[in-house]
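The file entry-v1.cif comes next; it holds mmCIF, C-alpha atoms.
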```
data_run
#
loop_
_atom_site.label_atom_id
_atom_site.label_comp_id
_atom_site.auth_asym_id
_atom_site.auth_seq_id
_atom_site.Cartn_x
_atom_site.Cartn_y
_atom_site.Cartn_z
CA MET B 13 23.38 -12.38 -32.82
CA GLY B 14 26.60 -11.08 -34.36
CA ARG B 15 29.95 -10.66 -32.68
CA THR B 16 29.36 -6.97 -32.13
CA SER B 17 26.19 -7.18 -30.08
CA ASP B 18 27.68 -10.14 -28.19
CA ALA B 19 30.44 -7.87 -26.94
CA ARG B 20 27.96 -5.20 -25.92
CA ASN B 21 25.88 -7.71 -23.99
CA LYS B 22 28.95 -9.14 -22.29
CA ILE B 23 29.98 -5.66 -21.15
CA LEU B 24 26.48 -4.94 -19.83
CA GLU B 25 26.27 -8.26 -18.03
CA ALA B 26 29.68 -7.85 -16.41
CA ALA B 27 28.98 -4.23 -15.46
CA ARG B 28 25.70 -5.10 -13.84
CA THR B 29 27.24 -7.89 -11.79
CA LEU B 30 30.18 -5.73 -10.72
CA ILE B 31 27.98 -2.73 -9.86
CA GLU B 32 25.73 -4.98 -7.78
CA GLN B 33 28.72 -6.44 -5.96
CA ARG B 34 30.95 -3.43 -5.52
CA GLY B 35 29.07 -0.27 -6.42
CA TYR B 36 29.90 2.23 -9.13
CA SER B 37 32.71 4.47 -7.86
CA ALA B 38 35.22 1.72 -7.16
CA LEU B 39 34.90 0.25 -10.66
CA GLY B 40 37.10 1.01 -13.64
CA VAL B 41 36.45 0.47 -17.33
CA ALA B 42 39.50 -1.79 -17.60
CA GLU B 43 38.16 -4.06 -14.87
CA ILE B 44 34.75 -4.26 -16.51
CA CYS B 45 36.35 -5.21 -19.84
CA THR B 46 38.49 -7.89 -18.20
CA ALA B 47 35.44 -9.39 -16.50
CA ALA B 48 33.52 -9.26 -19.79
CA GLY B 49 36.41 -10.77 -21.75
CA VAL B 50 36.26 -7.89 -24.21
CA PRO B 51 39.15 -5.66 -25.36
CA LYS B 52 39.08 -2.14 -23.97
CA GLY B 53 38.89 -0.69 -27.49
CA SER B 54 35.49 -2.35 -27.93
CA PHE B 55 34.15 -0.63 -24.85
CA TYR B 56 34.28 2.84 -26.36
CA HIS B 57 32.71 1.52 -29.53
CA PHE B 58 29.54 0.87 -27.51
CA PHE B 59 29.65 3.30 -24.59
CA ALA B 60 30.95 6.85 -24.37
CA SER B 61 31.95 6.46 -20.71
CA LYS B 62 31.52 4.45 -17.54
CA GLN B 63 28.59 6.73 -16.72
CA ALA B 64 26.89 6.03 -20.04
CA LEU B 65 27.32 2.32 -19.36
CA ALA B 66 25.83 2.64 -15.87
CA LEU B 67 22.83 4.50 -17.28
CA THR B 68 22.30 1.68 -19.79
CA VAL B 69 22.54 -0.93 -17.01
CA ILE B 70 19.93 1.05 -15.05
CA ASP B 71 17.64 1.39 -18.07
CA GLU B 72 17.80 -2.29 -18.97
CA HIS B 73 17.10 -3.31 -15.39
CA TRP B 74 14.17 -0.92 -15.21
CA THR B 75 12.73 -2.11 -18.53
CA ALA B 76 12.61 -5.67 -17.21
CA GLN B 77 11.33 -4.68 -13.78
CA GLN B 78 8.69 -2.34 -15.17
CA GLN B 79 7.42 -5.15 -17.38
CA GLN B 80 7.16 -7.47 -14.37
CA TRP B 81 5.51 -4.83 -12.17
CA SER B 82 3.00 -4.01 -14.94
CA GLU B 83 2.00 -7.65 -15.25
CA LEU B 84 1.65 -8.19 -11.51
CA LEU B 85 0.00 -4.89 -10.62
CA GLY B 86 -2.20 -4.84 -13.72
CA SER B 87 -3.57 -8.36 -13.33
CA ASP B 88 -7.26 -9.06 -12.74
CA ARG B 89 -6.71 -10.12 -9.13
CA ALA B 90 -8.04 -8.07 -6.18
CA PRO B 91 -5.91 -4.93 -5.54
CA LEU B 92 -4.42 -6.09 -2.24
CA GLU B 93 -3.59 -9.48 -3.76
CA ARG B 94 -1.70 -7.73 -6.53
CA LEU B 95 0.42 -5.94 -3.96
CA ARG B 96 1.09 -9.30 -2.34
CA ASP B 97 2.13 -10.70 -5.72
CA LEU B 98 4.60 -7.82 -6.09
CA PHE B 99 6.13 -8.36 -2.65
CA GLU B 100 6.45 -12.10 -3.23
CA ALA B 101 8.13 -11.48 -6.57
CA THR B 102 10.51 -9.01 -4.90
CA GLU B 103 11.47 -11.56 -2.26
CA GLU B 104 11.85 -14.24 -4.93
CA PHE B 105 14.11 -11.93 -6.96
CA GLN B 106 16.40 -11.48 -3.94
CA ARG B 107 16.41 -15.22 -3.29
CA ALA B 108 17.33 -15.97 -6.90
CA GLY B 109 20.02 -13.28 -6.85
CA ARG B 110 21.45 -14.77 -3.69
CA GLN B 111 21.56 -18.20 -5.26
CA GLU B 112 23.42 -16.80 -8.24
CA ALA B 113 25.79 -14.37 -6.48
CA GLY B 114 26.18 -16.18 -3.14
CA LEU B 115 24.96 -13.13 -1.20
CA VAL B 116 21.87 -10.91 -1.25
CA VAL B 117 22.80 -8.11 -3.66
CA GLY B 118 19.99 -5.76 -2.69
CA CYS B 119 18.26 -3.27 -4.95
CA LEU B 120 20.36 -1.95 -7.84
CA PHE B 121 18.43 1.34 -7.78
CA GLY B 122 18.56 1.73 -4.00
CA ASN B 123 22.25 0.91 -3.88
CA LEU B 124 23.04 3.48 -6.56
CA ALA B 125 20.73 6.09 -5.00
CA ALA B 126 22.57 5.75 -1.70
CA GLU B 127 25.98 5.88 -3.37
CA LEU B 128 25.53 8.46 -6.12
CA SER B 129 22.66 10.85 -5.34
CA ASN B 130 25.11 13.53 -4.27
CA GLN B 131 27.75 12.77 -6.89
CA VAL B 132 26.35 12.04 -10.37
CA PRO B 133 23.36 14.24 -11.31
CA GLU B 134 22.56 12.27 -14.49
CA ILE B 135 22.23 9.02 -12.54
CA ARG B 136 20.33 10.73 -9.74
CA ASP B 137 17.83 12.17 -12.26
CA ARG B 138 17.25 8.77 -13.85
CA LEU B 139 16.74 7.11 -10.47
CA GLN B 140 14.28 9.83 -9.45
CA GLU B 141 12.23 9.07 -12.56
CA ILE B 142 12.28 5.35 -11.82
CA PHE B 143 11.21 5.72 -8.19
CA GLU B 144 8.44 8.12 -9.19
CA ALA B 145 7.25 5.60 -11.79
CA GLN B 146 7.24 2.85 -9.13
CA ILE B 147 5.23 5.09 -6.80
CA ASP B 148 2.77 5.85 -9.65
CA MET B 149 2.23 2.16 -10.33
CA ILE B 150 1.62 1.31 -6.68
CA GLU B 151 -0.62 4.33 -6.15
CA LYS B 152 -2.94 3.18 -8.93
CA VAL B 153 -3.52 -0.09 -7.09
CA ILE B 154 -4.07 1.70 -3.77
CA VAL B 155 -6.67 3.95 -5.40
CA GLU B 156 -8.48 0.85 -6.61
CA ALA B 157 -8.29 -0.73 -3.15
CA LYS B 158 -9.60 2.45 -1.55
CA ASP B 159 -12.47 2.73 -4.03
CA ALA B 160 -13.40 -0.85 -3.19
CA GLY B 161 -13.38 -0.13 0.56
CA GLN B 162 -10.27 -2.30 1.02
CA ALA B 163 -8.06 0.54 2.26
CA GLY B 164 -8.87 3.06 4.98
CA PRO B 165 -10.97 6.03 3.82
CA ALA B 166 -8.43 8.45 5.35
CA VAL B 167 -5.45 6.99 3.47
CA ASP B 168 -3.48 9.49 1.38
CA THR B 169 -2.92 7.29 -1.66
CA ARG B 170 0.22 9.12 -2.86
CA ASP B 171 1.91 9.06 0.51
CA ALA B 172 0.90 5.44 1.11
CA ALA B 173 2.49 4.47 -2.22
CA ARG B 174 5.63 6.36 -1.27
CA SER B 175 5.67 4.57 2.09
CA ILE B 176 5.35 1.19 0.45
CA VAL B 177 8.27 1.92 -1.88
CA ALA B 178 10.25 3.16 1.15
CA GLN B 179 9.28 0.02 3.04
CA ILE B 180 10.48 -2.18 0.18
CA GLU B 181 13.79 -0.30 0.00
CA GLY B 182 14.30 -0.46 3.78
CA ARG B 183 13.50 -4.16 3.95
CA VAL B 184 15.75 -4.96 0.99
CA LEU B 185 18.55 -3.07 2.74
CA LEU B 186 18.05 -5.19 5.88
CA ALA B 187 17.96 -8.32 3.69
CA LYS B 188 21.30 -7.31 2.20
CA LEU B 189 22.86 -6.39 5.54
CA LEU B 190 21.72 -9.67 7.12
CA ASP B 191 22.09 -11.71 3.91
CA ASP B 192 18.55 -12.92 4.52
CA PRO B 193 15.80 -12.60 1.88
CA ALA B 194 13.21 -13.57 4.53
CA GLN B 195 13.46 -9.97 5.78
CA LEU B 196 10.97 -9.23 2.99
CA GLY B 197 8.48 -11.80 4.25
CA THR B 198 6.24 -9.39 6.15
CA LEU B 199 6.03 -6.64 3.53
CA TRP B 200 2.45 -7.44 2.65
CA GLN B 201 1.19 -7.65 6.19
CA ASN B 202 2.92 -4.36 7.02
CA SER B 203 1.38 -2.75 3.97
CA LEU B 204 -2.08 -3.70 5.21
CA GLY B 205 -1.23 -1.59 8.27
CA LEU B 206 0.09 1.29 6.18
CA LEU B 207 -3.09 1.17 4.12
CA GLN B 208 -5.27 1.03 7.25
CA VAL B 209 -7.07 -1.95 5.77
CA PRO B 210 -10.31 -2.50 7.72
CA ALA B 211 -10.44 -5.75 9.68
CA ALA B 212 -13.37 -6.94 7.56
CA ALA B 213 -11.31 -6.57 4.37
CA ARG B 214 -8.34 -8.56 5.71
CA PRO B 215 -7.86 -12.17 4.69
CA ALA B 216 -8.27 -14.66 7.55
CA GLY B 217 -5.37 -14.74 9.98
CA VAL B 218 -3.91 -11.32 9.02
CA MET N 9 43.38 19.38 23.87
CA GLY N 10 46.93 18.67 22.70
CA ARG N 11 48.19 18.67 19.12
CA THR N 12 48.00 14.89 18.92
CA SER N 13 44.32 14.49 19.64
CA ASP N 14 43.62 17.50 17.43
CA ALA N 15 45.07 15.63 14.48
CA ARG N 16 43.03 12.52 15.28
CA ASN N 17 39.84 14.55 15.47
CA LYS N 18 40.60 16.33 12.23
CA ILE N 19 41.08 12.99 10.48
CA LEU N 20 37.83 11.64 11.92
CA GLU N 21 35.90 14.76 10.96
CA ALA N 22 37.26 14.80 7.42
CA ALA N 23 36.67 11.06 7.00
CA ARG N 24 33.10 11.30 8.16
CA THR N 25 32.33 14.15 5.79
CA LEU N 26 34.00 12.42 2.85
CA ILE N 27 32.33 9.07 3.56
CA GLU N 28 28.94 10.80 3.77
CA GLN N 29 29.56 12.59 0.48
CA ARG N 30 31.32 9.93 -1.57
CA GLY N 31 31.11 6.59 0.21
CA TYR N 32 33.97 4.42 1.39
CA SER N 33 35.42 2.58 -1.59
CA ALA N 34 36.27 5.63 -3.66
CA LEU N 35 38.23 7.26 -0.82
CA GLY N 36 41.97 7.04 -0.27
CA VAL N 37 43.98 7.70 2.87
CA ALA N 38 45.96 10.44 1.11
CA GLU N 39 42.77 12.29 0.22
CA ILE N 40 41.45 12.06 3.77
CA CYS N 41 44.75 13.45 5.11
CA THR N 42 44.70 16.32 2.62
CA ALA N 43 41.13 17.21 3.61
CA ALA N 44 42.08 17.00 7.28
CA GLY N 45 45.24 19.07 6.79
CA VAL N 46 47.29 16.36 8.47
CA PRO N 47 50.47 14.69 7.15
CA LYS N 48 50.00 11.12 5.98
CA GLY N 49 52.52 9.90 8.56
CA SER N 50 50.18 11.02 11.33
CA PHE N 51 47.37 8.92 9.94
CA TYR N 52 49.06 5.63 10.73
CA HIS N 53 49.93 6.88 14.18
CA PHE N 54 46.21 6.91 14.95
CA PHE N 55 44.66 4.33 12.61
CA ALA N 56 45.98 1.01 11.34
CA SER N 57 44.09 1.31 8.05
CA LYS N 58 41.28 3.04 6.20
CA GLN N 59 39.01 0.27 7.48
CA ALA N 60 40.00 0.92 11.09
CA LEU N 61 39.25 4.59 10.53
CA ALA N 62 35.83 3.81 9.04
CA LEU N 63 34.98 1.60 12.01
CA THR N 64 35.90 4.46 14.36
CA VAL N 65 33.75 6.89 12.36
CA ILE N 66 30.85 4.41 12.63
CA ASP N 67 31.38 3.91 16.37
CA GLU N 68 31.54 7.62 17.14
CA HIS N 69 28.42 8.29 15.12
CA TRP N 70 26.60 5.47 16.86
CA THR N 71 27.70 6.62 20.32
CA ALA N 72 26.16 10.03 19.68
CA GLN N 73 23.03 8.63 18.03
CA GLN N 74 22.49 6.00 20.72
CA GLN N 75 22.68 8.73 23.35
CA GLN N 76 20.06 10.78 21.54
CA TRP N 77 17.80 7.79 20.92
CA SER N 78 18.05 6.77 24.59
CA GLU N 79 17.00 10.22 25.74
CA LEU N 80 14.08 10.46 23.31
CA LEU N 81 12.82 6.89 23.61
CA GLY N 82 13.43 6.70 27.36
CA SER N 83 11.63 9.93 28.24
CA ASP N 84 8.52 10.00 30.41
CA ARG N 85 6.24 10.91 27.51
CA ALA N 86 3.59 8.51 26.17
CA PRO N 87 5.14 5.69 24.05
CA LEU N 88 3.71 6.86 20.71
CA GLU N 89 4.83 10.44 21.44
CA ARG N 90 8.35 9.16 22.02
CA LEU N 91 8.33 7.59 18.59
CA ARG N 92 7.16 10.89 17.17
CA ASP N 93 10.03 12.65 18.96
CA LEU N 94 12.46 10.22 17.35
CA PHE N 95 11.07 10.77 13.85
CA GLU N 96 11.12 14.55 14.28
CA ALA N 97 14.73 14.41 15.48
CA THR N 98 15.62 12.24 12.48
CA GLU N 99 14.08 14.72 10.08
CA GLU N 100 15.78 17.60 11.90
CA PHE N 101 19.13 15.80 11.64
CA GLN N 102 18.72 15.51 7.86
CA ARG N 103 17.69 19.17 7.62
CA ALA N 104 20.73 20.27 9.63
CA GLY N 105 23.01 18.03 7.58
CA ARG N 106 21.61 19.51 4.40
CA GLN N 107 22.24 23.02 5.66
CA GLU N 108 25.83 22.12 6.42
CA ALA N 109 26.66 19.98 3.38
CA GLY N 110 24.34 21.62 0.83
CA LEU N 111 22.60 18.30 0.08
CA VAL N 112 20.81 15.64 2.11
CA VAL N 113 23.56 13.18 3.04
CA GLY N 114 21.28 10.36 4.12
CA CYS N 115 22.02 7.78 6.80
CA LEU N 116 25.70 6.97 7.34
CA PHE N 117 24.81 3.44 8.43
CA GLY N 118 22.34 2.84 5.60
CA ASN N 119 24.73 4.21 3.00
CA LEU N 120 27.55 1.96 4.23
CA ALA N 121 25.25 -1.06 4.53
CA ALA N 122 24.20 -0.64 0.90
CA GLU N 123 27.78 -0.13 -0.26
CA LEU N 124 29.77 -2.58 1.86
CA SER N 125 27.58 -5.43 3.15
CA ASN N 126 28.99 -7.76 0.52
CA GLN N 127 32.54 -6.43 0.61
CA VAL N 128 33.85 -5.72 4.12
CA PRO N 129 32.74 -8.29 6.73
CA GLU N 130 34.07 -6.27 9.70
CA ILE N 131 31.99 -3.24 8.73
CA ARG N 132 28.98 -5.40 7.93
CA ASP N 133 29.18 -7.05 11.36
CA ARG N 134 29.34 -3.69 13.12
CA LEU N 135 26.38 -2.35 11.15
CA GLN N 136 24.37 -5.48 11.95
CA GLU N 137 24.96 -4.85 15.67
CA ILE N 138 23.90 -1.21 15.33
CA PHE N 139 20.70 -1.98 13.43
CA GLU N 140 19.80 -4.72 15.93
CA ALA N 141 20.36 -2.25 18.78
CA GLN N 142 18.09 0.29 17.05
CA ILE N 143 15.41 -2.38 16.61
CA ASP N 144 15.77 -3.33 20.31
CA MET N 145 15.28 0.27 21.41
CA ILE N 146 12.20 0.78 19.27
CA GLU N 147 10.73 -2.58 20.24
CA LYS N 148 10.83 -1.64 23.93
CA VAL N 149 8.65 1.39 23.20
CA ILE N 150 6.24 -0.67 21.08
CA VAL N 151 5.88 -3.20 23.90
CA GLU N 152 4.96 -0.35 26.23
CA ALA N 153 2.47 1.03 23.71
CA LYS N 154 0.92 -2.41 23.25
CA ASP N 155 0.66 -3.00 27.01
CA ALA N 156 -1.13 0.35 27.28
CA GLY N 157 -3.60 -0.58 24.52
CA GLN N 158 -2.06 2.01 22.16
CA ALA N 159 -0.92 -0.52 19.58
CA GLY N 160 -2.99 -3.29 18.01
CA PRO N 161 -3.19 -6.49 20.11
CA ALA N 162 -2.09 -8.58 17.10
CA VAL N 163 1.09 -6.56 16.48
CA ASP N 164 4.31 -8.58 16.47
CA THR N 165 6.48 -6.13 18.41
CA ARG N 166 9.79 -7.37 16.98
CA ASP N 167 8.64 -7.26 13.40
CA ALA N 168 6.95 -3.89 13.89
CA ALA N 169 10.22 -2.47 15.25
CA ARG N 170 12.07 -3.91 12.27
CA SER N 171 9.50 -2.36 9.94
CA ILE N 172 9.88 1.04 11.56
CA VAL N 173 13.67 0.92 11.16
CA ALA N 174 13.16 -0.19 7.54
CA GLN N 175 10.66 2.64 7.05
CA ILE N 176 13.17 5.18 8.42
CA GLU N 177 15.90 3.85 6.13
CA GLY N 178 13.64 3.84 3.08
CA ARG N 179 12.38 7.35 3.74
CA VAL N 180 15.89 8.68 4.35
CA LEU N 181 16.94 7.13 1.05
CA LEU N 182 14.08 8.95 -0.73
CA ALA N 183 15.05 12.16 1.10
CA LYS N 184 18.60 11.77 -0.20
CA LEU N 185 17.53 10.89 -3.74
CA LEU N 186 15.11 13.86 -3.88
CA ASP N 187 17.28 16.13 -1.70
CA ASP N 188 14.17 16.73 0.38
CA PRO N 189 14.10 16.15 4.16
CA ALA N 190 10.29 16.54 4.11
CA GLN N 191 10.17 12.95 2.82
CA LEU N 192 10.47 12.02 6.50
CA GLY N 193 7.43 14.07 7.49
CA THR N 194 4.91 11.24 7.50
CA LEU N 195 6.99 8.67 9.38
CA TRP N 196 4.96 8.96 12.54
CA GLN N 197 1.58 8.75 10.87
CA ASN N 198 2.75 5.73 8.88
CA SER N 199 4.02 4.08 12.03
CA LEU N 200 0.58 4.39 13.58
CA GLY N 201 -0.61 2.28 10.67
CA LEU N 202 2.23 -0.23 11.07
CA LEU N 203 1.39 -0.49 14.77
CA GLN N 204 -2.34 -0.88 14.02
CA VAL N 205 -3.05 1.87 16.53
CA PRO N 206 -6.77 1.77 17.39
CA ALA N 207 -8.73 4.85 16.29
CA ALA N 208 -9.48 5.69 19.93
CA ALA N 209 -5.76 5.85 20.76
CA ARG N 210 -4.91 8.19 17.86
CA PRO N 211 -4.44 11.88 18.49
CA ALA N 212 -7.12 14.06 16.90
CA GLY N 213 -6.78 14.43 13.15
CA VAL N 214 -4.55 11.40 12.63
#
```
Written as structure tokens, how would this file's structure read?
Amino acid sequence: MGRTSDARNKILEAARTLIEQRGYSALGVAEICTAAGVPKGSFYHFFASKQALALTVIDEHWTAQQQQWSELLGSDRAPLERLRDLFEATEEFQRAGRQEAGLVVGCLFGNLAAELSNQVPEIRDRLQEIFEAQIDMIEKVIVEAKDAGQAGPAVDTRDAARSIVAQIEGRVLLAKLLDDPAQLGTLWQNSLGLLQVPAAARPAGV
Amino acid sequence: MGRTSDARNKILEAARTLIEQRGYSALGVAEICTAAGVPKGSFYHFFASKQALALTVIDEHWTAQQQQWSELLGSDRAPLERLRDLFEATEEFQRAGRQEAGLVVGCLFGNLAAELSNQVPEIRDRLQEIFEAQIDMIEKVIVEAKDAGQAGPAVDTRDAARSIVAQIEGRVLLAKLLDDPAQLGTLWQNSLGLLQVPAAARPAGV
């Protein structure tokens, strides 16, 4: 890796950490460059603006997350087990983030949606696409569960997927507020309720 | 109302609107005073700092919301109907806010929790108290529903209340991201799932 792409990566890494810690609006390009240890002139070699940088941070985070979600939700395990795998990975991600940053940082997408939906249309549009893609991926698994009789016959698969994404976002917000990743520990059990999973299809003890 | 309290109210009103639209970090005292039409000298007559102002905005919003929640959740209607009343009022609040501001502004508490949990301990502490109080109020209704056989016997009332608050926050976030208050329209139905409401206790068609 040459010096040039090193600088770009350092800027992206610093920006992501700072956005997670402090949000977008309060940040300046100069501060990001200082944290990255990169001269300000380099910044505009790689990014047209702070907004362009934020969009790249979002895209890189989504690329990695989408890859992980695809693997977990596309595995050959039973549909409800795949949802459990996703929730466990989400909790683990918050735990690892806490270990690294000292505090639960929450969801990059949720944080930015709360902060910027009414301020930066380009970021709002990108986040809308990402949340819709998350809902699509979860809905596919719910459809499979329903076809297998492992979700209630009356479940609206689209709305249930939306509710599960909302539930993840709400629980991650509580985890951040309370600095406690264990707030995500009952996501799976609650999803069984949202999906009206018949008693016979529930694992023992749930 | 004398001139003095007028100025205080104008500052509070402007601050609340600006915090809803743009968050806390990006705001300055000078901007708040300009929006309020109040000289900057007056500001420090009423508030020691921007943080003190934000805490007052939070407290006033909570006082009003707590009053509304108490009325709705403490009414003499059936427990599950009281939850429905709360969800309908929450959706109506977002619709009214959208009419006034032109865009869904989301949840003041959720927005600030996402933005400031890792930055301003005093605000984080206050928000923790508010969310715990919300969970307490909802749990009381769930306990009543459970005692009446209208929630599943295996439901953990505390965790179910936490899940409902998380569900509200997640749905309000989607409503803000999509500028669509109808995202809150299935909160009640989803809560019946979270509460494992027996089929016999569900209203017709749900």
Exercise. When you draw a straight line from atom CA of Glu32 of chain B to atom CA of Leu124 of chain N, how long is it in Å?
Worked result: 10.7 Å
Exercise. Applied to the shown file, which residues does the PyMOL selection byres ((chain N) within 6 of (chain B)) return, written as JSON, numbers by chain?
Worked result: {"N": [33, 34, 119, 121, 122, 125, 174, 175, 177, 178, 179, 185, 198, 201, 202, 204]}
Exercise. Using only C-alpha atoms, which of the listed residues (N:Arg85, N:Arg134, N:Arg103, N:Arg92) sits closest to Val65 of chain N?
Worked result: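 Of N:Arg85, N:Arg134, N:Arg103, N:Arg92, the one nearest Val65 of chain N is N:Arg134, counting only C-alpha atoms.
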Problem set entry | the PyMOL selection byres ((chain N and resi 63) around 12) applied to the shown file, residues as a PyMOL selection string | chain N and resi 20+23-24+27+32+55-62+64-70+116-117+120+128-135+138
Kindly export the residues of the current selection with C-alpha atoms, as a compact mmCIF listing (two decimals), in the frame of the given file.
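File produced: result.txt:
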```
# COMPACT_ATOMS: atom_id res chain seq x y z
CA LEU N 20 37.83 11.64 11.92
CA ALA N 23 36.67 11.06 7.00
CA ARG N 24 33.10 11.30 8.16
CA ILE N 27 32.33 9.07 3.56
CA TYR N 32 33.97 4.42 1.39
CA PHE N 55 44.66 4.33 12.61
CA ALA N 56 45.98 1.01 11.34
CA SER N 57 44.09 1.31 8.05
CA LYS N 58 41.28 3.04 6.20
CA GLN N 59 39.01 0.27 7.48
CA ALA N 60 40.00 0.92 11.09
CA LEU N 61 39.25 4.59 10.53
CA ALA N 62 35.83 3.81 9.04
CA THR N 64 35.90 4.46 14.36
CA VAL N 65 33.75 6.89 12.36
CA ILE N 66 30.85 4.41 12.63
CA ASP N 67 31.38 3.91 16.37
CA GLU N 68 31.54 7.62 17.14
CA HIS N 69 28.42 8.29 15.12
CA TRP N 70 26.60 5.47 16.86
CA LEU N 116 25.70 6.97 7.34
CA PHE N 117 24.81 3.44 8.43
CA LEU N 120 27.55 1.96 4.23
CA VAL N 128 33.85 -5.72 4.12
CA PRO N 129 32.74 -8.29 6.73
CA GLU N 130 34.07 -6.27 9.70
CA ILE N 131 31.99 -3.24 8.73
CA ARG N 132 28.98 -5.40 7.93
CA ASP N 133 29.18 -7.05 11.36
CA ARG N 134 29.34 -3.69 13.12
CA LEU N 135 26.38 -2.35 11.15
CA ILE N 138 23.90 -1.21 15.33
```
Exercise. Contacts of Glu151 of chain B at 6 Å or less, counting all atoms listed in the file, minus same-chain residues fewer than 6 places along, as a PyMOL selection string?
Worked result: chain B and resi 169-170+173
